[in-house]
file query.cif (mmCIF, C-alpha atoms)
data_query
#
loop_
_atom_site.group_PDB
_atom_site.id
_atom_site.type_symbol
_atom_site.label_atom_id
_atom_site.label_comp_id
_atom_site.auth_asym_id
_atom_site.auth_seq_id
_atom_site.Cartn_x
_atom_site.Cartn_y
_atom_site.Cartn_z
ATOM 1 C CA MET N 25 -50.566 -17.474 -29.322
ATOM 2 C CA PRO N 26 -53.099 -16.812 -26.563
ATOM 3 C CA ARG N 27 -53.090 -13.281 -25.226
ATOM 4 C CA PHE N 28 -52.011 -14.241 -21.724
ATOM 5 C CA LEU N 29 -48.978 -16.058 -23.172
ATOM 6 C CA ARG N 30 -48.059 -13.079 -25.346
ATOM 7 C CA SER N 31 -48.410 -10.868 -22.273
ATOM 8 C CA GLY N 32 -46.246 -13.232 -20.260
ATOM 9 C CA CYS N 33 -43.575 -13.350 -22.959
ATOM 10 C CA ASN N 34 -43.575 -9.575 -23.250
ATOM 11 C CA GLY N 35 -43.275 -9.329 -19.501
ATOM 12 C CA LEU N 36 -40.344 -11.745 -19.483
ATOM 13 C CA LEU N 37 -38.708 -9.840 -22.328
ATOM 14 C CA THR N 38 -39.171 -6.543 -20.506
ATOM 15 C CA ALA N 39 -37.830 -8.052 -17.293
ATOM 16 C CA GLY N 40 -34.904 -9.524 -19.194
ATOM 17 C CA LEU N 41 -34.057 -6.199 -20.786
ATOM 18 C CA LEU N 42 -34.374 -4.485 -17.421
ATOM 19 C CA LEU N 43 -32.077 -7.022 -15.772
ATOM 20 C CA ALA N 44 -29.606 -6.724 -18.634
ATOM 21 C CA GLY N 45 -29.653 -2.962 -18.249
ATOM 22 C CA LEU N 46 -29.167 -3.189 -14.521
ATOM 23 C CA PHE N 47 -26.353 -5.708 -14.993
ATOM 24 C CA GLY N 48 -24.719 -3.382 -17.492
ATOM 25 C CA LEU N 49 -25.009 -0.467 -15.086
ATOM 26 C CA ALA N 50 -23.603 -2.612 -12.285
ATOM 27 C CA THR N 51 -20.693 -3.642 -14.498
ATOM 28 C CA MET N 52 -20.016 -0.022 -15.435
ATOM 29 C CA ALA N 53 -20.217 0.989 -11.770
ATOM 30 C CA ALA N 54 -17.807 -1.794 -10.858
ATOM 31 C CA ALA N 55 -15.411 -0.646 -13.576
ATOM 32 C CA ASP N 56 -15.650 2.962 -12.393
ATOM 33 C CA ASP N 57 -15.098 1.803 -8.814
ATOM 34 C CA ALA N 58 -11.954 -0.155 -9.677
ATOM 35 C CA LEU N 59 -8.845 1.152 -7.933
ATOM 36 C CA ARG N 60 -5.155 0.505 -8.501
ATOM 37 C CA PRO N 61 -2.379 0.807 -5.917
ATOM 38 C CA PHE N 62 -0.149 3.382 -7.616
ATOM 39 C CA ILE N 63 -0.284 6.514 -9.749
ATOM 40 C CA LEU N 64 2.291 7.328 -12.416
ATOM 41 C CA ALA N 65 3.175 10.987 -12.884
ATOM 42 C CA PRO N 66 3.579 12.447 -16.401
ATOM 43 C CA ASP N 67 6.896 11.928 -18.189
ATOM 44 C CA ASP N 68 9.637 14.418 -17.491
ATOM 45 C CA ALA N 69 13.158 14.543 -18.911
ATOM 46 C CA ALA N 70 14.670 15.850 -15.665
ATOM 47 C CA ALA N 71 17.354 13.831 -13.879
ATOM 48 C CA PRO N 72 16.271 11.607 -10.943
ATOM 49 C CA ASP N 73 17.632 13.944 -8.256
ATOM 50 C CA VAL N 74 15.955 16.918 -9.896
ATOM 51 C CA ARG N 75 12.612 15.106 -10.161
ATOM 52 C CA LEU N 76 12.788 14.099 -6.529
ATOM 53 C CA ASP N 77 13.593 17.636 -5.423
ATOM 54 C CA GLN N 78 10.769 18.986 -7.591
ATOM 55 C CA ALA N 79 8.376 16.467 -6.060
ATOM 56 C CA ARG N 80 9.513 17.387 -2.566
ATOM 57 C CA GLY N 81 8.986 21.080 -3.187
ATOM 58 C CA ALA N 82 5.584 20.592 -4.823
ATOM 59 C CA LEU N 83 4.356 18.372 -1.996
ATOM 60 C CA GLU N 84 5.542 20.746 0.719
ATOM 61 C CA GLU N 85 3.879 23.646 -1.075
ATOM 62 C CA ALA N 86 0.667 21.566 -1.165
ATOM 63 C CA GLY N 87 0.753 21.136 2.621
ATOM 64 C CA PHE N 88 2.492 17.770 2.948
ATOM 65 C CA GLU N 89 5.363 17.130 5.327
ATOM 66 C CA VAL N 90 8.262 14.953 4.217
ATOM 67 C CA VAL N 91 8.967 12.673 7.183
ATOM 68 C CA GLY N 92 11.478 10.297 5.622
ATOM 69 C CA GLU N 93 13.636 9.467 2.632
ATOM 70 C CA TYR N 94 15.022 6.097 1.635
ATOM 71 C CA THR N 95 17.174 4.551 -1.098
ATOM 72 C CA PRO N 96 16.175 0.866 -1.303
ATOM 73 C CA HIS N 97 18.539 0.199 -4.216
ATOM 74 C CA ALA N 98 20.756 2.106 -6.634
ATOM 75 C CA GLU N 99 17.959 2.875 -9.107
ATOM 76 C CA ALA N 100 15.322 4.030 -6.630
ATOM 77 C CA ARG N 101 14.616 6.686 -4.017
ATOM 78 C CA VAL N 102 11.509 7.024 -1.878
ATOM 79 C CA LEU N 103 10.013 10.014 -0.079
ATOM 80 C CA VAL N 104 7.469 9.445 2.689
ATOM 81 C CA VAL N 105 4.973 12.209 3.411
ATOM 82 C CA THR N 106 2.102 12.896 5.745
ATOM 83 C CA SER N 107 -0.350 15.778 6.222
ATOM 84 C CA GLU N 108 -2.944 17.088 8.635
ATOM 85 C CA GLU N 109 -5.717 15.342 6.704
ATOM 86 C CA LEU N 110 -3.817 12.059 6.737
ATOM 87 C CA LEU N 111 -3.152 12.354 10.459
ATOM 88 C CA GLN N 112 -6.818 13.039 11.169
ATOM 89 C CA ALA N 113 -7.833 9.995 9.127
ATOM 90 C CA ALA N 114 -5.172 7.880 10.839
ATOM 91 C CA ALA N 115 -6.496 8.865 14.255
ATOM 92 C CA ALA N 116 -10.135 8.111 13.409
ATOM 93 C CA THR N 117 -10.057 4.430 14.395
ATOM 94 C CA ASP N 118 -7.713 2.067 16.195
ATOM 95 C CA SER N 119 -6.669 0.419 12.908
ATOM 96 C CA SER N 120 -6.313 3.512 10.684
ATOM 97 C CA ALA N 121 -2.727 4.411 11.557
ATOM 98 C CA TYR N 122 -1.169 2.605 8.594
ATOM 99 C CA ALA N 123 -2.641 5.192 6.212
ATOM 100 C CA ALA N 124 -0.774 8.089 7.854
ATOM 101 C CA ALA N 125 2.130 7.752 5.418
ATOM 102 C CA GLN N 126 1.971 8.127 1.652
ATOM 103 C CA ARG N 127 4.985 7.191 -0.450
ATOM 104 C CA VAL N 128 6.477 8.863 -3.529
ATOM 105 C CA ALA N 129 9.269 7.242 -5.531
ATOM 106 C CA VAL N 130 11.644 8.022 -8.344
ATOM 107 C CA THR N 131 12.930 4.984 -10.249
ATOM 108 C CA THR N 132 15.625 5.095 -12.929
ATOM 109 C CA THR N 133 14.971 2.800 -15.907
ATOM 110 C CA GLU N 134 16.536 2.275 -19.332
ATOM 111 C CA GLU N 135 13.752 4.400 -20.814
ATOM 112 C CA GLY N 136 14.142 7.274 -18.371
ATOM 113 C CA THR N 137 12.957 8.291 -14.913
ATOM 114 C CA GLU N 138 9.610 7.261 -13.441
ATOM 115 C CA LEU N 139 7.888 9.257 -10.726
ATOM 116 C CA ALA N 140 5.141 7.261 -9.022
ATOM 117 C CA TYR N 141 3.222 7.437 -5.785
ATOM 118 C CA THR N 142 0.747 5.508 -3.685
ATOM 119 C CA ASN N 143 -2.934 5.930 -4.518
ATOM 120 C CA PRO N 144 -4.555 7.315 -1.342
ATOM 121 C CA ARG N 145 -8.030 6.125 -2.384
ATOM 122 C CA TYR N 146 -6.712 2.577 -2.798
ATOM 123 C CA MET N 147 -4.974 2.673 0.584
ATOM 124 C CA ALA N 148 -8.091 4.041 2.262
ATOM 125 C CA ALA N 149 -10.093 1.070 1.002
ATOM 126 C CA ALA N 150 -7.382 -1.521 1.680
ATOM 127 C CA TYR N 151 -6.893 -0.261 5.234
ATOM 128 C CA ARG N 152 -10.658 0.085 5.836
ATOM 129 C CA LEU N 153 -10.675 3.778 6.636
ATOM 130 C CA ASP N 154 -13.903 5.584 7.424
ATOM 131 C CA GLU N 155 -13.168 8.033 4.592
ATOM 132 C CA ASP N 156 -11.837 7.701 1.045
ATOM 133 C CA LEU N 157 -8.926 10.186 1.341
ATOM 134 C CA ASP N 158 -10.248 11.939 -1.735
ATOM 135 C CA GLY N 159 -8.875 15.284 -0.570
ATOM 136 C CA VAL N 160 -5.401 13.806 -0.080
ATOM 137 C CA ALA N 161 -5.564 12.154 -3.484
ATOM 138 C CA SER N 162 -6.593 15.389 -5.185
ATOM 139 C CA ALA N 163 -3.794 17.323 -3.463
ATOM 140 C CA MET N 164 -1.152 14.775 -4.477
ATOM 141 C CA GLU N 165 -2.422 14.719 -8.055
ATOM 142 C CA ALA N 166 -2.339 18.515 -8.220
ATOM 143 C CA ALA N 167 1.230 18.566 -6.886
ATOM 144 C CA LEU N 168 2.700 15.662 -8.857
ATOM 145 C CA GLY N 169 0.432 15.170 -11.859
ATOM 146 C CA ARG N 170 -1.367 12.034 -12.922
ATOM 147 C CA ALA N 171 -0.681 10.192 -16.172
ATOM 148 C CA ARG N 172 -2.399 6.933 -15.239
ATOM 149 C CA ASP N 173 -3.048 4.551 -12.381
ATOM 150 C CA PHE N 174 -1.215 1.219 -12.373
ATOM 151 C CA GLY N 175 -0.387 -1.862 -10.349
ATOM 152 C CA SER N 176 -3.449 -3.945 -11.232
ATOM 153 C CA GLU N 177 -4.643 -4.560 -14.766
ATOM 154 C CA GLU N 178 -8.342 -4.735 -13.951
ATOM 155 C CA GLY N 179 -8.289 -2.839 -10.674
ATOM 156 C CA ILE N 180 -10.070 -3.802 -7.467
ATOM 157 C CA SER N 181 -13.350 -2.439 -6.148
ATOM 158 C CA VAL N 182 -13.612 -0.696 -2.791
ATOM 159 C CA ARG N 183 -15.761 -3.562 -1.520
ATOM 160 C CA ASP N 184 -13.174 -6.167 -2.508
ATOM 161 C CA LEU N 185 -10.307 -4.099 -1.113
ATOM 162 C CA ASN N 186 -12.119 -3.897 2.243
ATOM 163 C CA ARG N 187 -11.916 -7.686 2.510
ATOM 164 C CA TYR N 188 -8.858 -8.294 0.332
ATOM 165 C CA ARG N 189 -6.656 -11.329 0.544
ATOM 166 C CA TYR N 190 -4.447 -12.738 -2.195
ATOM 167 C CA MET N 191 -6.070 -16.156 -2.115
ATOM 168 C CA PHE N 192 -7.935 -18.496 0.213
ATOM 169 C CA GLY N 193 -6.013 -19.114 3.424
ATOM 170 C CA MET N 194 -3.924 -15.951 3.093
ATOM 171 C CA PRO N 195 -4.258 -13.111 5.638
ATOM 172 C CA ARG N 196 -6.547 -10.105 5.360
ATOM 173 C CA PHE N 197 -5.759 -6.648 6.732
ATOM 174 C CA HIS N 198 -7.156 -7.465 10.167
ATOM 175 C CA ASP N 199 -4.832 -10.491 10.481
ATOM 176 C CA ARG N 200 -1.974 -8.370 11.771
ATOM 177 C CA LEU N 201 1.001 -9.704 13.711
ATOM 178 C CA THR N 202 1.652 -8.847 17.358
ATOM 179 C CA LEU N 203 5.448 -8.901 17.552
ATOM 180 C CA ALA N 204 6.034 -7.816 21.153
ATOM 181 C CA THR N 205 4.349 -6.487 24.275
ATOM 182 C CA HIS N 206 6.071 -4.078 26.676
ATOM 183 C CA PRO N 207 5.290 -2.784 30.189
ATOM 184 C CA SER N 208 4.225 0.642 28.890
ATOM 185 C CA HIS N 209 3.699 2.632 25.715
ATOM 186 C CA ALA N 210 6.873 4.604 26.358
ATOM 187 C CA ALA N 211 8.832 1.374 26.802
ATOM 188 C CA ALA N 212 7.450 -0.008 23.535
ATOM 189 C CA VAL N 213 8.419 3.143 21.609
ATOM 190 C CA ALA N 214 11.868 3.179 23.220
ATOM 191 C CA ALA N 215 12.467 -0.473 22.312
ATOM 192 C CA VAL N 216 11.589 0.107 18.663
ATOM 193 C CA GLU N 217 13.699 3.249 18.411
ATOM 194 C CA ALA N 218 16.659 1.509 20.064
ATOM 195 C CA GLY N 219 16.263 -1.543 17.851
ATOM 196 C CA LEU N 220 16.212 0.541 14.681
ATOM 197 C CA ALA N 221 19.176 2.632 15.842
ATOM 198 C CA ALA N 222 21.113 -0.581 16.502
ATOM 199 C CA GLY N 223 20.152 -2.081 13.140
ATOM 200 C CA ALA N 224 18.447 -5.062 14.776
ATOM 201 C CA GLY N 225 17.311 -7.571 12.173
ATOM 202 C CA ASP N 226 19.363 -5.721 9.524
ATOM 203 C CA THR N 227 16.975 -2.775 9.573
ATOM 204 C CA ALA N 228 17.073 1.021 9.602
ATOM 205 C CA GLN N 229 14.511 3.681 10.477
ATOM 206 C CA VAL N 230 13.015 5.644 7.574
ATOM 207 C CA TYR N 231 10.431 7.718 9.456
ATOM 208 C CA ARG N 232 8.393 8.124 12.615
ATOM 209 C CA ILE N 233 4.829 9.455 12.706
ATOM 210 C CA ASP N 234 3.012 10.034 15.998
ATOM 211 C CA ILE N 235 -0.729 9.543 15.568
ATOM 212 C CA PRO N 236 -2.565 12.429 17.299
ATOM 213 C CA GLY N 237 -4.857 11.536 20.169
ATOM 214 C CA GLN N 238 -3.827 7.889 20.129
ATOM 215 C CA ASN N 239 -1.124 5.940 21.929
ATOM 216 C CA GLN N 240 0.176 4.987 18.513
ATOM 217 C CA VAL N 241 3.442 5.604 16.692
ATOM 218 C CA LEU N 242 4.020 4.450 13.123
ATOM 219 C CA PHE N 243 7.587 3.654 12.073
ATOM 220 C CA GLY N 244 8.840 3.123 8.543
ATOM 221 C CA VAL N 245 11.410 0.335 8.446
ATOM 222 C CA ALA N 246 14.011 -0.402 5.780
ATOM 223 C CA ILE N 247 15.101 -4.036 5.582
ATOM 224 C CA LEU N 248 18.659 -4.111 4.340
ATOM 225 C CA GLU N 249 19.842 -7.732 4.326
ATOM 226 C CA GLY N 250 18.584 -11.304 4.226
ATOM 227 C CA GLU N 251 15.790 -13.098 2.367
ATOM 228 C CA GLY N 252 13.387 -10.264 3.160
ATOM 229 C CA ALA N 253 15.701 -7.448 2.076
ATOM 230 C CA ASP N 254 13.908 -4.710 0.180
ATOM 231 C CA ALA N 255 16.357 -4.734 -2.725
ATOM 232 C CA LEU N 256 16.183 -8.526 -3.099
ATOM 233 C CA VAL N 257 12.387 -8.708 -2.968
ATOM 234 C CA MET N 258 11.986 -5.914 -5.501
ATOM 235 C CA GLU N 259 14.612 -7.431 -7.804
ATOM 236 C CA LYS N 260 12.601 -10.647 -7.918
ATOM 237 C CA ILE N 261 9.028 -9.401 -8.246
ATOM 238 C CA ASP N 262 9.134 -5.769 -9.435
ATOM 239 C CA ARG N 263 10.125 -6.704 -12.960
ATOM 240 C CA GLN N 264 7.920 -4.545 -15.169
ATOM 241 C CA SER N 265 7.580 -0.843 -15.829
ATOM 242 C CA PRO N 266 6.114 1.208 -14.294
ATOM 243 C CA HIS N 267 7.761 -0.007 -11.130
ATOM 244 C CA HIS N 268 6.081 -0.543 -7.758
ATOM 245 C CA THR N 269 8.832 1.258 -5.842
ATOM 246 C CA PRO N 270 6.317 3.148 -3.615
ATOM 247 C CA HIS N 271 5.566 -0.245 -2.064
ATOM 248 C CA LEU N 272 8.470 0.466 0.309
ATOM 249 C CA PRO N 273 9.178 0.772 3.182
ATOM 250 C CA TYR N 274 7.308 -1.572 5.529
ATOM 251 C CA GLU N 275 5.723 -0.376 8.772
ATOM 252 C CA LEU N 276 5.892 -1.130 12.465
ATOM 253 C CA LEU N 277 3.081 0.210 14.635
ATOM 254 C CA VAL N 278 3.428 0.783 18.359
ATOM 255 C CA ASP N 279 -0.151 0.563 19.589
ATOM 256 C CA GLY N 280 -0.334 1.162 23.323
ATOM 257 C CA THR N 281 2.020 -1.355 24.866
ATOM 258 C CA SER N 282 2.113 -3.649 21.831
ATOM 259 C CA VAL N 283 4.220 -3.576 18.685
ATOM 260 C CA GLU N 284 2.529 -4.929 15.573
ATOM 261 C CA SER N 285 2.947 -5.118 11.823
ATOM 262 C CA GLN N 286 0.942 -6.134 8.824
ATOM 263 C CA ASP N 287 1.569 -9.706 7.739
ATOM 264 C CA ALA N 288 3.955 -9.502 4.783
ATOM 265 C CA HIS N 289 1.774 -11.964 2.877
ATOM 266 C CA PHE N 290 -0.891 -9.232 2.900
ATOM 267 C CA ARG N 291 1.417 -6.205 2.753
ATOM 268 C CA ILE N 292 3.182 -7.444 -0.384
ATOM 269 C CA ALA N 293 0.040 -8.774 -2.048
ATOM 270 C CA ILE N 294 -1.957 -5.577 -1.621
ATOM 271 C CA ASN N 295 0.685 -3.707 -3.656
ATOM 272 C CA PHE N 296 1.254 -6.559 -6.150
ATOM 273 C CA PRO N 297 -2.274 -7.941 -6.572
ATOM 274 C CA ASP N 298 -1.641 -9.274 -10.104
ATOM 275 C CA LEU N 299 1.488 -11.211 -9.148
ATOM 276 C CA SER N 300 1.253 -14.865 -10.136
ATOM 277 C CA MET N 301 1.829 -17.565 -7.551
ATOM 278 C CA MET N 302 4.187 -19.646 -9.683
ATOM 279 C CA GLY N 303 6.736 -18.889 -12.373
ATOM 280 C CA LYS N 304 9.630 -16.488 -12.636
ATOM 281 C CA GLY N 305 8.916 -13.377 -10.626
ATOM 282 C CA GLY N 306 5.931 -14.950 -8.846
ATOM 283 C CA PHE N 307 5.236 -15.208 -5.136
ATOM 284 C CA MET N 308 7.075 -18.516 -4.923
ATOM 285 C CA SER N 309 10.265 -16.705 -5.939
ATOM 286 C CA ILE N 310 10.072 -14.817 -2.615
ATOM 287 C CA ARG N 311 8.522 -17.629 -0.555
ATOM 288 C CA SER N 312 11.076 -17.082 2.235
ATOM 289 C CA ALA N 313 10.574 -13.309 2.340
ATOM 290 C CA PRO N 314 7.428 -12.989 4.509
ATOM 291 C CA ASP N 315 8.919 -15.022 7.343
ATOM 292 C CA ALA N 316 12.245 -13.212 7.004
ATOM 293 C CA ILE N 317 10.496 -9.830 7.123
ATOM 294 C CA GLU N 318 8.606 -10.888 10.243
ATOM 295 C CA GLU N 319 11.870 -12.003 11.853
ATOM 296 C CA SER N 320 13.528 -8.660 11.091
ATOM 297 C CA LEU N 321 10.597 -6.654 12.448
ATOM 298 C CA THR N 322 10.391 -8.895 15.520
ATOM 299 C CA ALA N 323 14.087 -8.291 16.202
ATOM 300 C CA VAL N 324 13.332 -4.564 16.290
ATOM 301 C CA ALA N 325 10.172 -4.924 18.403
ATOM 302 C CA THR N 326 11.868 -7.114 21.021
ATOM 303 C CA TYR N 327 15.194 -5.300 21.144
ATOM 304 C CA ARG N 328 16.915 -5.055 24.512
ATOM 305 C CA ARG N 329 20.014 -2.951 25.034
#
call {"tool": "encode", "arguments": {"input": "query.cif", "output": "structure tokens"}}
result
Amino acid sequence: MPRFLRSGCNGLLTAGLLLAGLFGLATMAAADDALRPFILAPDDAAAPDVRLDQARGALEEAGFEVVGEYTPHAEARVLVVTSEELLQAAAATDSSAYAAAQRVAVTTTEEGTELAYTNPRYMAAAYRLDEDLDGVASAMEAALGRARDFGSEEGISVRDLNRYRYMFGMPRFHDRLTLATHPSHAAAVAAVEAGLAAGAGDTAQVYRIDIPGQNQVLFGVAILEGEGADALVMEKIDRQSPHHTPHLPYELLVDGTSVESQDAHFRIAINFPDLSMMGKGGFMSIRSAPDAIEESLTAVATYRR
């Protein structure tokens, strides 16, 4: 073989090996970057009420404030917490408020009691925060423990979470729903509080978080009846252990004079990214739920005494 051909072949081989190495590094980086929506705490033989009380105490000692508690169905209880770091992150941009609340849940199963909580790093990426909430994540892990992350078999990269949608044509995070507009911020907050107090749309208030420095108030909303009811949706799609109980509750955001929410097609998908479209327990089994959830939240947002 002529020398220039041997040189060319060697160059191609070297380039190929280099590209393979870079591809391997990129694949490893992607794997390391993969995030999952929930974190499962280590096993504990304590009863559900005891585990919840232990979690509450550990979180409060770690600097978190419990702002709400909710029982979506007989086997599950949810605590909602916030903190100074979460509030600062929520106030950083106009669209960061949804990250102000982290959720911790105890679920009773045939095998025992599961304690699970939202993954702050995952939420930071899904809600496009300017920071990764690493400090919040570390504090929650120190308080509650961390056996493993779950909720997505392969995980999702930060880049893909930033632009996540379940499939083509489905909403992304920025495709939020404006449910009502009121004459003032105070009027918007009053309407939501009155609607929740009255149970409009078969709802109940779980928590309220005022975002510092912003005309924004985040409400946690339990949906109690209908096709979008929390218990019904979870019965149909939350069929495997560990359970996705920290998915609940949904949120309403008063932003200035407007009341908005995430589209349930996005809000459900971001916490159930591996859910199939068809088949038992797939998205088609709750095909009426997103519209029903929007109707319930709209009933709250537009409530008039």
call {"tool": "resolve_selection", "arguments": {"input": "query.cif", "expression": "the PyMOL selection byres ((chain N and resi 97) around 12)", "output": "MDAnalysis selection string"}}
result
chainID N and resid 94:96 98:102 129:132 246:249 253:259 269 272:273
call {"tool": "closest_residue", "arguments": {"input": "query.cif", "among": "N:Asp262, N:Glu178, N:Asp156, N:Glu251", "to": "Ser120 of chain N", "atoms": "all atoms listed in the file"}}
result
N:Asp156
call {"tool": "closest_residue", "arguments": {"input": "query.cif", "among": "N:Leu83, N:Leu64, N:Ile317, N:Ala210", "to": "Leu276 of chain N", "atoms": "all atoms listed in the file"}}
result
N:Ile317
call {"tool": "atom_distance", "arguments": {"input": "query.cif", "atom1": "atom CA of Ala167 of chain N", "atom2": "atom CA of Val104 of chain N"}}
result
14.6 Å
call {"tool": "resolve_selection", "arguments": {"input": "query.cif", "expression": "the PyMOL selection byres ((chain N and resi 176) around 10)", "output": "PDB file with C-alpha atoms, in the frame of the given file"}}
result
ATOM      1  CA  ALA N  58     -11.954  -0.155  -9.677  1.00  0.00           C
ATOM      2  CA  LEU N  59      -8.845   1.152  -7.933  1.00  0.00           C
ATOM      3  CA  ARG N  60      -5.155   0.505  -8.501  1.00  0.00           C
ATOM      4  CA  PRO N  61      -2.379   0.807  -5.917  1.00  0.00           C
ATOM      5  CA  PHE N  62      -0.149   3.382  -7.616  1.00  0.00           C
ATOM      6  CA  ASP N 173      -3.048   4.551 -12.381  1.00  0.00           C
ATOM      7  CA  PHE N 174      -1.215   1.219 -12.373  1.00  0.00           C
ATOM      8  CA  GLY N 175      -0.387  -1.862 -10.349  1.00  0.00           C
ATOM      9  CA  GLU N 177      -4.643  -4.560 -14.766  1.00  0.00           C
ATOM     10  CA  GLU N 178      -8.342  -4.735 -13.951  1.00  0.00           C
ATOM     11  CA  GLY N 179      -8.289  -2.839 -10.674  1.00  0.00           C
ATOM     12  CA  ILE N 180     -10.070  -3.802  -7.467  1.00  0.00           C
ATOM     13  CA  ILE N 294      -1.957  -5.577  -1.621  1.00  0.00           C
ATOM     14  CA  ASN N 295       0.685  -3.707  -3.656  1.00  0.00           C
ATOM     15  CA  PHE N 296       1.254  -6.559  -6.150  1.00  0.00           C
ATOM     16  CA  PRO N 297      -2.274  -7.941  -6.572  1.00  0.00           C
ATOM     17  CA  ASP N 298      -1.641  -9.274 -10.104  1.00  0.00           C
ATOM     18  CA  LEU N 299       1.488 -11.211  -9.148  1.00  0.00           C
TER      19      LEU N 299
END
call {"tool": "decode", "arguments": {"input": "query.cif", "residues": "segment 151-164 of chain N", "atoms": "N, CA and C atoms", "output": "PDB file, in the first residue's frame"}}
result
ATOM      1  N   TYR N 151     -39.169  22.699  35.088  1.00  0.00           N
ATOM      2  CA  TYR N 151     -39.782  24.015  35.191  1.00  0.00           C
ATOM      3  C   TYR N 151     -38.821  25.133  34.772  1.00  0.00           C
ATOM      4  N   ARG N 152     -37.705  24.757  34.174  1.00  0.00           N
ATOM      5  CA  ARG N 152     -36.762  25.696  33.545  1.00  0.00           C
ATOM      6  C   ARG N 152     -36.247  26.750  34.510  1.00  0.00           C
ATOM      7  N   LEU N 153     -35.887  26.325  35.704  1.00  0.00           N
ATOM      8  CA  LEU N 153     -35.327  27.261  36.671  1.00  0.00           C
ATOM      9  C   LEU N 153     -33.919  27.680  36.262  1.00  0.00           C
ATOM     10  N   ASP N 154     -33.496  28.808  36.799  1.00  0.00           N
ATOM     11  CA  ASP N 154     -32.137  29.288  36.544  1.00  0.00           C
ATOM     12  C   ASP N 154     -31.100  28.504  37.342  1.00  0.00           C
ATOM     13  N   GLU N 155     -31.535  27.758  38.353  1.00  0.00           N
ATOM     14  CA  GLU N 155     -30.618  26.975  39.170  1.00  0.00           C
ATOM     15  C   GLU N 155     -31.134  25.543  39.264  1.00  0.00           C
ATOM     16  N   ASP N 156     -30.263  24.639  39.744  1.00  0.00           N
ATOM     17  CA  ASP N 156     -30.617  23.215  39.743  1.00  0.00           C
ATOM     18  C   ASP N 156     -31.207  22.713  41.060  1.00  0.00           C
ATOM     19  N   LEU N 157     -31.402  23.596  42.032  1.00  0.00           N
ATOM     20  CA  LEU N 157     -31.950  23.232  43.344  1.00  0.00           C
ATOM     21  C   LEU N 157     -31.129  22.138  44.017  1.00  0.00           C
ATOM     22  N   ASP N 158     -29.839  22.135  43.756  1.00  0.00           N
ATOM     23  CA  ASP N 158     -28.988  21.106  44.339  1.00  0.00           C
ATOM     24  C   ASP N 158     -28.963  21.186  45.859  1.00  0.00           C
ATOM     25  N   GLY N 159     -28.963  22.402  46.402  1.00  0.00           N
ATOM     26  CA  GLY N 159     -28.975  22.550  47.852  1.00  0.00           C
ATOM     27  C   GLY N 159     -30.247  22.005  48.480  1.00  0.00           C
ATOM     28  N   VAL N 160     -31.383  22.255  47.831  1.00  0.00           N
ATOM     29  CA  VAL N 160     -32.661  21.722  48.320  1.00  0.00           C
ATOM     30  C   VAL N 160     -32.649  20.201  48.266  1.00  0.00           C
ATOM     31  N   ALA N 161     -32.157  19.669  47.150  1.00  0.00           N
ATOM     32  CA  ALA N 161     -32.099  18.220  46.992  1.00  0.00           C
ATOM     33  C   ALA N 161     -31.229  17.585  48.066  1.00  0.00           C
ATOM     34  N   SER N 162     -30.079  18.172  48.323  1.00  0.00           N
ATOM     35  CA  SER N 162     -29.174  17.624  49.340  1.00  0.00           C
ATOM     36  C   SER N 162     -29.806  17.672  50.729  1.00  0.00           C
ATOM     37  N   ALA N 163     -30.521  18.760  51.027  1.00  0.00           N
ATOM     38  CA  ALA N 163     -31.169  18.885  52.335  1.00  0.00           C
ATOM     39  C   ALA N 163     -32.287  17.862  52.503  1.00  0.00           C
ATOM     40  N   MET N 164     -33.063  17.630  51.450  1.00  0.00           N
ATOM     41  CA  MET N 164     -34.144  16.645  51.538  1.00  0.00           C
ATOM     42  C   MET N 164     -33.577  15.232  51.669  1.00  0.00           C
TER      43      MET N 164
END
